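One file, run32.pdb, is given below (PDB, C-alpha atoms, pLDDT in the B column).
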```pdb
ATOM      1  CA  MET A   1     -17.787   5.432  -6.052  1.00 76.00           C
ATOM      2  CA  TYR A   2     -18.444   7.730  -3.117  1.00 82.00           C
ATOM      3  CA  GLY A   3     -15.975   8.183  -0.313  1.00 80.00           C
ATOM      4  CA  SER A   4     -13.796  10.470   1.734  1.00 78.00           C
ATOM      5  CA  PHE A   5     -10.341  10.353   3.260  1.00 73.00           C
ATOM      6  CA  GLU A   6     -11.822  10.181   6.762  1.00 80.00           C
ATOM      7  CA  MET A   7     -14.405   7.448   6.109  1.00 82.00           C
ATOM      8  CA  GLY A   8     -12.874   5.556   3.175  1.00 82.00           C
ATOM      9  CA  LEU A   9     -15.249   3.997   0.648  1.00 87.00           C
ATOM     10  CA  ILE A  10     -18.768   4.994   1.669  1.00 90.00           C
ATOM     11  CA  GLY A  11     -20.670   3.495  -1.242  1.00 91.00           C
ATOM     12  CA  SER A  12     -20.800   2.805  -4.955  1.00 90.00           C
ATOM     13  CA  ASN A  13     -23.132   2.394  -7.900  1.00 88.00           C
ATOM     14  CA  CYS A  14     -24.383  -0.944  -9.132  1.00 88.00           C
ATOM     15  CA  LYS A  15     -24.858  -1.744 -12.822  1.00 89.00           C
ATOM     16  CA  TYR A  16     -28.235   0.073 -12.829  1.00 86.00           C
ATOM     17  CA  ARG A  17     -26.647   3.353 -11.637  1.00 84.00           C
ATOM     18  CA  ASP A  18     -29.830   4.322  -9.785  1.00 88.00           C
ATOM     19  CA  GLY A  19     -28.272   5.837  -6.679  1.00 89.00           C
ATOM     20  CA  ILE A  20     -25.214   4.996  -4.630  1.00 91.00           C
ATOM     21  CA  HIS A  21     -25.490   1.907  -2.417  1.00 93.00           C
ATOM     22  CA  LEU A  22     -24.095   2.767   1.027  1.00 94.00           C
ATOM     23  CA  ASN A  23     -21.750   0.235   2.625  1.00 93.00           C
ATOM     24  CA  GLU A  24     -23.957  -0.297   5.667  1.00 93.00           C
ATOM     25  CA  ASP A  25     -21.838  -3.268   6.721  1.00 92.00           C
ATOM     26  CA  MET A  26     -18.980  -0.799   7.322  1.00 92.00           C
ATOM     27  CA  LEU A  27     -20.786   2.330   8.505  1.00 93.00           C
ATOM     28  CA  ILE A  28     -24.005   3.640   9.992  1.00 93.00           C
ATOM     29  CA  PRO A  29     -25.657   6.425   7.976  1.00 94.00           C
ATOM     30  CA  GLU A  30     -27.917   9.102   9.440  1.00 94.00           C
ATOM     31  CA  PHE A  31     -29.863  11.660   7.449  1.00 93.00           C
ATOM     32  CA  ILE A  32     -30.423  15.087   9.030  1.00 90.00           C
ATOM     33  CA  PRO A  33     -32.972  17.359   7.292  1.00 86.00           C
ATOM     34  CA  ALA A  34     -31.057  20.350   5.929  1.00 77.00           C
ATOM     35  CA  GLU A  35     -33.112  22.353   3.437  1.00 66.00           C
ATOM     36  CA  THR A  36     -35.833  22.092   0.823  1.00 63.00           C
ATOM     37  CA  VAL A  37     -35.009  22.609  -2.854  1.00 55.00           C
ATOM     38  CA  ASN A  38     -37.819  22.477  -5.445  1.00 57.00           C
ATOM     39  CA  LYS A  39     -40.137  20.850  -2.874  1.00 66.00           C
ATOM     40  CA  THR A  40     -37.559  18.096  -2.224  1.00 70.00           C
ATOM     41  CA  THR A  41     -36.117  17.781   1.260  1.00 77.00           C
ATOM     42  CA  CYS A  42     -32.328  17.588   1.211  1.00 79.00           C
ATOM     43  CA  TYR A  43     -30.470  15.818   3.996  1.00 85.00           C
ATOM     44  CA  LYS A  44     -26.987  16.149   5.412  1.00 85.00           C
ATOM     45  CA  ILE A  45     -25.393  12.733   5.599  1.00 89.00           C
ATOM     46  CA  VAL A  46     -23.808  11.897   8.960  1.00 91.00           C
ATOM     47  CA  LEU A  47     -21.727   8.718   9.233  1.00 92.00           C
ATOM     48  CA  THR A  48     -20.338   6.514  11.965  1.00 92.00           C
ATOM     49  CA  SER A  49     -17.499   4.180  10.994  1.00 90.00           C
ATOM     50  CA  LEU A  50     -17.703   0.558  12.121  1.00 87.00           C
ATOM     51  CA  THR A  51     -14.184  -0.358  10.980  1.00 87.00           C
ATOM     52  CA  ASN A  52     -11.762   2.370  12.066  1.00 81.00           C
ATOM     53  CA  PHE A  53     -10.636   1.294  15.526  1.00 78.00           C
ATOM     54  CA  MET A  54      -7.522   3.518  15.679  1.00 80.00           C
ATOM     55  CA  MET A  55      -9.388   6.804  15.175  1.00 80.00           C
ATOM     56  CA  PRO A  56     -13.144   6.316  15.471  1.00 81.00           C
ATOM     57  CA  PHE A  57     -15.392   8.641  13.511  1.00 87.00           C
ATOM     58  CA  ILE A  58     -18.720   8.908  15.278  1.00 90.00           C
ATOM     59  CA  ARG A  59     -21.513  10.976  13.694  1.00 91.00           C
ATOM     60  CA  TYR A  60     -19.070  12.506  11.199  1.00 88.00           C
ATOM     61  CA  GLU A  61     -20.672  15.142   8.942  1.00 85.00           C
ATOM     62  CA  GLN A  62     -19.665  14.761   5.304  1.00 78.00           C
ATOM     63  CA  ASP A  63     -21.086  18.210   4.347  1.00 73.00           C
ATOM     64  CA  ASP A  64     -22.803  16.617   1.347  1.00 77.00           C
ATOM     65  CA  LEU A  65     -26.495  17.085   0.631  1.00 78.00           C
ATOM     66  CA  VAL A  66     -28.222  13.829  -0.302  1.00 85.00           C
ATOM     67  CA  GLN A  67     -31.609  12.290  -0.804  1.00 88.00           C
ATOM     68  CA  PRO A  68     -31.999   8.801   0.712  1.00 93.00           C
ATOM     69  CA  LEU A  69     -33.643   6.204  -1.551  1.00 93.00           C
ATOM     70  CA  TYR A  70     -35.259   3.528   0.591  1.00 90.00           C
ATOM     71  CA  GLU A  71     -37.021   1.475  -2.078  1.00 90.00           C
ATOM     72  CA  LYS A  72     -35.254  -1.721  -3.124  1.00 89.00           C
ATOM     73  CA  CYS A  73     -32.919  -1.505  -6.112  1.00 93.00           C
ATOM     74  CA  ARG A  74     -33.386  -3.675  -9.225  1.00 93.00           C
ATOM     75  CA  CYS A  75     -29.986  -5.290  -8.514  1.00 94.00           C
ATOM     76  CA  GLY A  76     -31.392  -6.891  -5.340  1.00 91.00           C
ATOM     77  CA  ARG A  77     -29.036  -5.269  -2.823  1.00 91.00           C
ATOM     78  CA  SER A  78     -30.766  -4.281   0.377  1.00 89.00           C
ATOM     79  CA  PHE A  79     -28.464  -1.433   1.464  1.00 92.00           C
ATOM     80  CA  ILE A  80     -29.859   2.105   1.483  1.00 93.00           C
ATOM     81  CA  ARG A  81     -29.106   4.100  -1.634  1.00 93.00           C
ATOM     82  CA  ILE A  82     -28.553   7.826  -1.861  1.00 91.00           C
ATOM     83  CA  LYS A  83     -28.694  10.406  -4.580  1.00 86.00           C
ATOM     84  CA  ILE A  84     -26.046  13.090  -4.093  1.00 78.00           C
ATOM     85  CA  LEU A  85     -27.710  16.465  -4.606  1.00 71.00           C
ATOM     86  CA  ASP A  86     -24.723  18.665  -3.876  1.00 57.00           C
ATOM     87  CA  SER A  87     -21.166  17.895  -2.871  1.00 54.00           C
ATOM     88  CA  ARG A  88     -19.136  19.934  -0.442  1.00 56.00           C
ATOM     89  CA  ALA A  89     -19.274  23.525  -1.608  1.00 53.00           C
ATOM     90  CA  SER A  90     -15.605  23.794  -0.760  1.00 57.00           C
ATOM     91  CA  ASP A  91     -14.801  21.024  -3.279  1.00 71.00           C
ATOM     92  CA  VAL A  92     -16.505  22.353  -6.435  1.00 76.00           C
ATOM     93  CA  ILE A  93     -14.690  23.717  -9.488  1.00 83.00           C
ATOM     94  CA  GLN A  94     -16.668  26.388 -11.354  1.00 82.00           C
ATOM     95  CA  LEU A  95     -16.222  26.195 -15.134  1.00 85.00           C
ATOM     96  CA  PRO A  96     -16.315  29.199 -17.501  1.00 89.00           C
ATOM     97  CA  ASP A  97     -19.592  27.959 -19.053  1.00 86.00           C
ATOM     98  CA  GLY A  98     -21.314  28.115 -15.636  1.00 81.00           C
ATOM     99  CA  SER A  99     -21.299  24.381 -14.929  1.00 76.00           C
ATOM    100  CA  THR A 100     -19.525  22.807 -11.960  1.00 75.00           C
ATOM    101  CA  VAL A 101     -17.342  19.740 -11.450  1.00 77.00           C
ATOM    102  CA  SER A 102     -16.359  18.128  -8.173  1.00 72.00           C
ATOM    103  CA  ALA A 103     -12.641  18.568  -7.499  1.00 78.00           C
ATOM    104  CA  LEU A 104     -12.737  15.107  -5.938  1.00 70.00           C
ATOM    105  CA  ARG A 105     -12.776  13.694  -9.502  1.00 71.00           C
ATOM    106  CA  PHE A 106      -9.169  14.821  -9.934  1.00 77.00           C
ATOM    107  CA  THR A 107      -7.581  13.945  -6.618  1.00 75.00           C
ATOM    108  CA  GLY A 108      -7.274  10.269  -7.577  1.00 72.00           C
ATOM    109  CA  VAL A 109      -5.662  11.191 -10.894  1.00 78.00           C
ATOM    110  CA  ILE A 110      -3.059  13.301  -9.102  1.00 84.00           C
ATOM    111  CA  HIS A 111      -2.530  10.684  -6.361  1.00 77.00           C
ATOM    112  CA  ALA A 112      -1.662   8.163  -9.095  1.00 77.00           C
ATOM    113  CA  LEU A 113       1.162  10.399 -10.341  1.00 82.00           C
ATOM    114  CA  PRO A 114       4.482   8.874  -9.207  1.00 84.00           C
ATOM    115  CA  GLY A 115       6.712  11.067  -7.084  1.00 87.00           C
ATOM    116  CA  ILE A 116       4.081  13.309  -5.494  1.00 87.00           C
ATOM    117  CA  HIS A 117       4.498  13.813  -1.751  1.00 87.00           C
ATOM    118  CA  GLN A 118       1.626  16.308  -1.329  1.00 88.00           C
ATOM    119  CA  PHE A 119      -0.562  18.404  -3.589  1.00 90.00           C
ATOM    120  CA  LYS A 120      -3.237  21.063  -3.554  1.00 91.00           C
ATOM    121  CA  ILE A 121      -5.593  22.140  -6.346  1.00 91.00           C
ATOM    122  CA  ILE A 122      -6.382  25.868  -6.321  1.00 92.00           C
ATOM    123  CA  GLN A 123      -8.947  27.556  -8.531  1.00 92.00           C
ATOM    124  CA  GLU A 124      -7.480  31.039  -8.897  1.00 94.00           C
ATOM    125  CA  ALA A 125      -9.943  32.319 -11.518  1.00 94.00           C
ATOM    126  CA  ILE A 126     -12.990  31.085 -13.400  1.00 93.00           C
ATOM    127  CA  ASP A 127     -10.666  29.807 -16.126  1.00 93.00           C
ATOM    128  CA  ARG A 128      -7.453  29.002 -14.226  1.00 94.00           C
ATOM    129  CA  LEU A 129      -6.542  26.032 -12.046  1.00 93.00           C
ATOM    130  CA  VAL A 130      -3.162  25.708 -10.307  1.00 94.00           C
ATOM    131  CA  ILE A 131      -1.991  22.361  -8.963  1.00 92.00           C
ATOM    132  CA  LYS A 132       0.768  22.814  -6.399  1.00 93.00           C
ATOM    133  CA  VAL A 133       2.878  19.711  -5.816  1.00 91.00           C
ATOM    134  CA  ILE A 134       5.696  18.725  -3.532  1.00 91.00           C
ATOM    135  CA  LYS A 135       7.668  16.184  -5.526  1.00 89.00           C
ATOM    136  CA  THR A 136       9.995  13.358  -4.539  1.00 89.00           C
ATOM    137  CA  GLU A 137      12.888  11.782  -6.450  1.00 90.00           C
ATOM    138  CA  ARG A 138      10.405   9.477  -8.263  1.00 90.00           C
ATOM    139  CA  TYR A 139       8.688  12.464  -9.918  1.00 88.00           C
ATOM    140  CA  SER A 140       8.336  12.224 -13.698  1.00 86.00           C
ATOM    141  CA  GLU A 141       7.814  15.288 -15.921  1.00 87.00           C
ATOM    142  CA  GLU A 142       6.342  13.074 -18.663  1.00 88.00           C
ATOM    143  CA  ALA A 143       3.800  11.535 -16.292  1.00 86.00           C
ATOM    144  CA  ALA A 144       2.939  15.012 -14.968  1.00 88.00           C
ATOM    145  CA  LYS A 145       2.288  16.276 -18.513  1.00 87.00           C
ATOM    146  CA  ALA A 146       0.021  13.281 -19.175  1.00 87.00           C
ATOM    147  CA  VAL A 147      -1.951  14.032 -15.985  1.00 86.00           C
ATOM    148  CA  LEU A 148      -2.332  17.684 -17.020  1.00 88.00           C
ATOM    149  CA  ARG A 149      -3.600  16.649 -20.472  1.00 87.00           C
ATOM    150  CA  ARG A 150      -6.149  14.332 -18.841  1.00 85.00           C
ATOM    151  CA  ILE A 151      -7.363  17.041 -16.451  1.00 86.00           C
ATOM    152  CA  ASP A 152      -7.523  19.623 -19.268  1.00 85.00           C
ATOM    153  CA  SER A 153      -9.678  17.243 -21.339  1.00 84.00           C
ATOM    154  CA  LEU A 154     -12.202  17.095 -18.483  1.00 82.00           C
ATOM    155  CA  LEU A 155     -12.293  20.868 -17.850  1.00 85.00           C
ATOM    156  CA  PRO A 156     -13.231  22.701 -21.061  1.00 83.00           C
ATOM    157  CA  GLY A 157     -12.165  26.337 -21.127  1.00 87.00           C
ATOM    158  CA  MET A 158      -9.786  25.999 -18.176  1.00 89.00           C
ATOM    159  CA  GLN A 159      -6.050  26.591 -18.115  1.00 91.00           C
ATOM    160  CA  THR A 160      -4.365  24.102 -15.778  1.00 91.00           C
ATOM    161  CA  VAL A 161      -0.870  24.820 -14.444  1.00 92.00           C
ATOM    162  CA  LEU A 162       1.334  22.464 -12.433  1.00 91.00           C
ATOM    163  CA  GLU A 163       3.560  24.307  -9.960  1.00 92.00           C
ATOM    164  CA  THR A 164       6.338  22.647  -7.943  1.00 91.00           C
ATOM    165  CA  VAL A 165       6.646  24.023  -4.397  1.00 93.00           C
ATOM    166  CA  HIS A 166       8.596  23.152  -1.250  1.00 92.00           C
ATOM    167  CA  GLU A 167       5.647  23.606   1.117  1.00 92.00           C
ATOM    168  CA  ILE A 168       1.854  23.660   0.871  1.00 91.00           C
ATOM    169  CA  GLU A 169       0.022  25.940   3.270  1.00 87.00           C
ATOM    170  CA  ARG A 170      -2.451  24.375   5.664  1.00 81.00           C
ATOM    171  CA  ASP A 171      -5.784  25.721   6.871  1.00 76.00           C
ATOM    172  CA  PRO A 172      -5.843  27.521  10.243  1.00 73.00           C
ATOM    173  CA  SER A 173      -7.173  24.238  11.689  1.00 61.00           C
ATOM    174  CA  GLY A 174      -3.970  22.516  10.549  1.00 68.00           C
ATOM    175  CA  LYS A 175      -5.762  20.409   7.932  1.00 70.00           C
ATOM    176  CA  LEU A 176      -4.218  20.067   4.490  1.00 75.00           C
ATOM    177  CA  ARG A 177      -7.112  20.648   2.090  1.00 78.00           C
ATOM    178  CA  GLN A 178      -6.624  19.231  -1.378  1.00 82.00           C
ATOM    179  CA  PHE A 179      -8.830  21.856  -3.030  1.00 85.00           C
ATOM    180  CA  GLN A 180      -9.304  25.572  -2.511  1.00 85.00           C
ATOM    181  CA  SER A 181     -11.429  27.991  -4.522  1.00 85.00           C
ATOM    182  CA  LYS A 182     -10.437  31.641  -4.571  1.00 87.00           C
ATOM    183  CA  LEU A 183     -13.576  32.676  -6.458  1.00 83.00           C
TER     184      LEU A 183
END
```
Before anything else, please render the file you have as structure tokens.
Amino acid sequence: MYGSFEMGLIGSNCKYRDGIHLNEDMLIPEFIPAETVNKTTCYKIVLTSLTNFMMPFIRYEQDDLVQPLYEKCRCGRSFIRIKILDSRASDVIQLPDGSTVSALRFTGVIHALPGIHQFKIIQEAIDRLVIKVIKTERYSEEAAKAVLRRIDSLLPGMQTVLETVHEIERDPSGKLRQFQSKL
């Protein structure tokens, strides 16, 4: 699945997993040439929401680099597919072995933890991840430990620490980012 907090569910894979089918019945995608990597043109994806009437997003830049796939998929769906070439640089966890993982993989896991009011994932070092949480009365230490074990299993060589705080700092823009890299 591919999505964002601002746009919701943008697209998903079919059973053939040959690119992400965009939900063109819910949004209008645009592809703006961004750069060329290994003779392949990368595009910034720009989206307009067709369903958010309270706060319209018109030509919203996702900051992801994609390659549009216009040929028809084997599943028969006619919506445009994309291949994500690079996610938001601000949302990438660097692992000690040199590989990277999108921090977006873990936000859903943390959201599912009962008793979390807000959270922020911070990569403090190449091998250290701190998850700051503001907890409510429904918070469960056992559930938090289970979440940490799950995250640790997906991040080899990383130490993950859960830290309870009373406030999580916002960006100068006022936005509460769920991931920050200090590398």
Which residue is closest to Ala103 (chain A)? Choose from A:Gln62, A:Asn23, A:Gln180, A:Ser140 and count all atoms listed in the file.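 Once distances to Ala103 (chain A) are computed over all atoms listed in the file, the minimum belongs to A:Gln180.
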What is the distance, in Å and to one decimal place, between CA of Arg105 (chain A) and CA of Glu71 (chain A)?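 So the answer is 28.1 Å.
The environment of region 73-84 of chain A within 8 Å, counting only C-alpha atoms and disregarding residues fewer than 2 places along the same chain, consists of Cys14, Lys15, Tyr16, Asp18, Gly19, Ile20, His21, Leu22, Asn23, Glu24, Asp64, Leu65, Val66, Gln67, Pro68, Leu69, Tyr70, Glu71, Asp86 and Ser87 of chain A.
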Carefully work through the PyMOL selection byres ((chain A and resi 113) around 8) for this structure and note down the residues it includes, as a PDB file with C-alpha atoms, keeping the file's coordinate frame.
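Result went into out_30.pdb, see below:
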```pdb
ATOM      1  CA  VAL A 109      -5.662  11.191 -10.894  1.00 78.00           C
ATOM      2  CA  ILE A 110      -3.059  13.301  -9.102  1.00 84.00           C
ATOM      3  CA  HIS A 111      -2.530  10.684  -6.361  1.00 77.00           C
ATOM      4  CA  ALA A 112      -1.662   8.163  -9.095  1.00 77.00           C
ATOM      5  CA  PRO A 114       4.482   8.874  -9.207  1.00 84.00           C
ATOM      6  CA  GLY A 115       6.712  11.067  -7.084  1.00 87.00           C
ATOM      7  CA  ILE A 116       4.081  13.309  -5.494  1.00 87.00           C
ATOM      8  CA  TYR A 139       8.688  12.464  -9.918  1.00 88.00           C
ATOM      9  CA  ALA A 143       3.800  11.535 -16.292  1.00 86.00           C
ATOM     10  CA  ALA A 144       2.939  15.012 -14.968  1.00 88.00           C
ATOM     11  CA  VAL A 147      -1.951  14.032 -15.985  1.00 86.00           C
TER      12      VAL A 147
END
```
Just want the 10 Å neighbourhood of region 167-176 of chain A, counted on only C-alpha atoms, with same-chain residues fewer than 4 positions away dropped. Output as a PyMOL selection string. chain A and resi 118-120+132-134
Please determine, counting only C-alpha atoms, which residue among A:Leu50, A:Leu155, A:Leu85, A:Leu104 has the shortest atom-to-atom distance to Tyr2 (chain A).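 Nearest candidate to Tyr2 (chain A) out of A:Leu50, A:Leu155, A:Leu85, A:Leu104: A:Leu104.
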Expanded to explicit residues, what is the PyMOL selection byres ((chain A and resi 52) around 12) for this file, as a compact mmCIF listing (two decimals) with C-alpha atoms, in the coordinates of the input?
```txt
# COMPACT_ATOMS: atom_id res chain seq x y z
CA PHE A 5 -10.34 10.35 3.26
CA GLU A 6 -11.82 10.18 6.76
CA MET A 7 -14.40 7.45 6.11
CA GLY A 8 -12.87 5.56 3.18
CA MET A 26 -18.98 -0.80 7.32
CA LEU A 27 -20.79 2.33 8.51
CA THR A 48 -20.34 6.51 11.96
CA SER A 49 -17.50 4.18 10.99
CA LEU A 50 -17.70 0.56 12.12
CA THR A 51 -14.18 -0.36 10.98
CA PHE A 53 -10.64 1.29 15.53
CA MET A 54 -7.52 3.52 15.68
CA MET A 55 -9.39 6.80 15.18
CA PRO A 56 -13.14 6.32 15.47
CA PHE A 57 -15.39 8.64 13.51
CA ILE A 58 -18.72 8.91 15.28
```
Exercise: Ile122 (chain A) partners within 6 Å, all atoms listed in the file, chain neighbours under 2 positions left out, as number ranges by chain: A: 124, 129-130, 179-181
